[in-house]
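The block underneath contains the structure these notes are about, expressed in structure tokens.
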Amino acid sequence: VVMTQSPLSLPVTVGQPASISCRSSQSLVYSDGIVYLSWFQQRPGQSPRRLLYEVSKRDSGVPDRFSGTGSGTNFTLKINRVEAEDVGVYYCMQGTHWPPLTFGGGTTVEIK
Amino acid sequence: QVHLVESGGGVVHPGTSLRLSCAASGFTFTSYGMHWVRQAPGKGLEWVALTSDDGKFISYADSVKGRFTISRDNSKNTVDLEMTSLSPEDTAVYYCAKDRSSAWYPPSLDFWGQGALVTVSS
């Protein structure tokens with residue numbers, strides 16, 4: 001399954017919203033009806049950190065300005081009001097059609 | 001809390017071997033699948049291998065199949081990655097990551113280690 005993210009780079013003003021798209025080459029709905037699509041944040045010089053799983057469930061400690069939506073093959077990560085600490089690269093990943101697990105190419109969020 | 005610590009990275013010549021290890025703590029290791037994911041310099045994330053909680057379900061990315069071997073020791077809470085026939089294309093930071101479940105079900109990677117850098121160069 002190929003995961004395609006856009007845009008490649010996203011310059012955002014602090015306090016403004018940001019949106020990242022992730023599309024899969026096949027539907028990510030598993031036989032149990034759940035969509036195994038996760039989002040990860042990788043800040044500069046750090047390991048990846050999972051933000052969301054099963055499209056829209058936030059991990060513990062993740063601010064509620066991060067939200068996920070989507071179904072089938074189209075998914076979106078939204079940051080309600082970008083803060084300086086949100087700078088980094090964001091990846092989507094599918095686990096529905098495993099193995100292998102596949103990641104999107106990444107979207108770099110930077111502050112204008 | 002969950003803690004994953006990779007070790008064993010370094011600089012090696014093409015064609016040689018290297019073994020990475022990941023020490024896990026803060027969770028019931030025997031109940032979770034474990035993965036290795038790598039990131040080449042300046043590039044994105046690439047899944048490498050997985051082992052199920054019991055070690056009976058193992059899978060590899062096509063790019064490493066036949067060269068890399070993942071194994072786990074549930075008595076020591078460790079998961080290793082044996083890498084052979086290394087090439088410069090294997091140069092990357094290698095992350096150990098915990099599965100949300102046993103790996104017998106659709107996986108998601110909920111915790112990651114800090115990574116180990118492997119450089120393959122002549």
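Labels used: A, B, ... for chains in the order of the structure tokens, numbers from 1 for residues in each chain, and numbers from 1 for ligands as shown.
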Surrounding residues of stretch 105-120 of chain B excluding itself and chain neighbours under 5 positions, 9 Å, only C-alpha atoms, as a ChimeraX atom specification | /A:30,36-38,46-51,53-54,59,93-99,101 /B:2-16,18,20,22,33-35,38,86-100
If we count only C-alpha atoms, what is near A:Val87 at a cut-off of 7 Å, once residues fewer than 6 positions away on the same chain are taken out, given as number ranges by chain?
-> A: 43, 109-111
Export, as a CSV table (one decimal), in the first residue's frame, the selected residues with N, CA, C and O atoms.
chain,number,residue,atom,x,y,z
A,43,ARG,N,10.0,15.9,15.8
A,43,ARG,CA,10.7,17.1,16.0
A,43,ARG,C,12.1,17.1,15.6
A,43,ARG,O,12.7,16.0,15.6
A,109,VAL,N,6.5,20.8,8.7
A,109,VAL,CA,5.8,22.0,9.2
A,109,VAL,C,6.9,23.0,9.7
A,109,VAL,O,7.7,22.7,10.5
A,110,GLU,N,6.9,24.2,9.2
A,110,GLU,CA,7.8,25.2,9.6
A,110,GLU,C,7.0,26.5,9.9
A,110,GLU,O,5.9,26.7,9.4
A,111,ILE,N,7.6,27.4,10.7
A,111,ILE,CA,7.0,28.6,11.1
A,111,ILE,C,7.4,29.7,10.1
A,111,ILE,O,8.6,29.8,9.8
What lies within 6 Å of A:Leu77 using only C-alpha atoms, ignoring chain neighbours under 6 positions off, as a PyMOL selection string?
-> chain A and resi 19-20+67-68
File of the preceding selection, all heavy atoms, as a tab-separated table (two decimals), in the first residue's frame:
chain	number	residue	atom	x	y	z
A	19	SER	N	-3.08	21.99	7.87
A	19	SER	CA	-3.74	20.76	7.46
A	19	SER	C	-2.82	19.95	6.57
A	19	SER	O	-2.22	20.49	5.64
A	19	SER	CB	-5.03	21.11	6.73
A	19	SER	OG	-5.73	19.94	6.35
A	20	ILE	N	-2.68	18.66	6.87
A	20	ILE	CA	-1.83	17.76	6.10
A	20	ILE	C	-2.68	16.61	5.57
A	20	ILE	O	-3.46	16.02	6.32
A	20	ILE	CB	-0.69	17.19	6.97
A	20	ILE	CG1	0.20	18.33	7.48
A	20	ILE	CG2	0.14	16.18	6.19
A	20	ILE	CD1	1.21	17.88	8.54
A	67	SER	N	-5.92	17.00	15.55
A	67	SER	CA	-7.07	16.15	15.29
A	67	SER	C	-6.90	15.43	13.97
A	67	SER	O	-6.18	15.90	13.08
A	67	SER	CB	-8.37	16.96	15.29
A	67	SER	OG	-8.36	17.89	14.22
A	68	GLY	N	-7.56	14.28	13.86
A	68	GLY	CA	-7.46	13.50	12.64
A	68	GLY	C	-8.84	13.13	12.13
A	68	GLY	O	-9.75	12.83	12.91
Which of chain A DSSP labels strand (DSSP E or B), written as number ranges by chain | A: 3-6, 9-12, 18-24, 29, 35, 37-42, 49-53, 57-58, 66-71, 74-79, 88-94, 102-103, 107-111
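Taking atom CA of B:Glu46 and atom CA of A:Asp86 as endpoints, the distance between them is 22.4 Å.
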Give the answer as one residue: which of B:Ser101, B:Arg19, B:Arg72, B:Ala24 has the shortest atom-to-atom distance to chain A, using only C-alpha atoms?
-> B:Ser101
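When atom CA of A:Ser24 is paired with atom CA of A:Val55, their separation reads 12.7 Å.
The coordinates place atom CA of B:Asp62 at 20.4 Å from atom CA of A:Cys92.
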Nearest to chain B among A:Arg65, A:Arg58, A:Lys78, A:Arg23, with distances taken over only C-alpha atoms: which residue is it?
-> A:Arg58
Quick one: everything within 12 Å of stretch 10-15 of chain A, counting only C-alpha atoms, minus sequence neighbours fewer than 3 positions away in the same chain. Send it as number ranges by chain.
-> A: 5-7, 18-21, 65, 79-90, 106-112
Create the file for the chosen residues now, containing C-alpha atoms and written as a short mmCIF file (atom, residue, chain, number, x, y, z; two decimals), in the first residue's frame.
data_model
loop_
_atom_site.label_atom_id
_atom_site.label_comp_id
_atom_site.auth_asym_id
_atom_site.auth_seq_id
_atom_site.Cartn_x
_atom_site.Cartn_y
_atom_site.Cartn_z
CA GLN A 5 1.30 12.89 1.72
CA SER A 6 0.84 16.50 0.71
CA PRO A 7 2.11 19.08 0.85
CA ALA A 18 -2.53 23.77 9.39
CA SER A 19 -3.74 20.76 7.46
CA ILE A 20 -1.83 17.76 6.10
CA SER A 21 -3.29 15.26 3.65
CA ARG A 65 -5.26 21.14 18.91
CA ILE A 79 -3.47 21.44 13.83
CA ASN A 80 -6.02 23.90 15.14
CA ARG A 81 -3.63 26.72 16.07
CA VAL A 82 0.00 26.05 15.32
CA GLU A 83 2.52 26.69 18.07
CA ALA A 84 6.29 27.03 17.71
CA GLU A 85 6.80 23.60 19.30
CA ASP A 86 4.85 21.98 16.45
CA VAL A 87 7.75 22.47 14.03
CA GLY A 88 8.91 19.17 12.61
CA VAL A 89 8.06 16.44 10.14
CA TYR A 90 4.72 14.64 10.22
CA GLY A 106 6.48 13.15 5.38
CA THR A 107 5.36 16.78 5.58
CA THR A 108 7.64 19.41 7.06
CA VAL A 109 5.84 22.03 9.15
CA GLU A 110 7.78 25.24 9.59
CA ILE A 111 7.00 28.63 11.05
CA LYS A 112 6.77 31.57 8.65
#
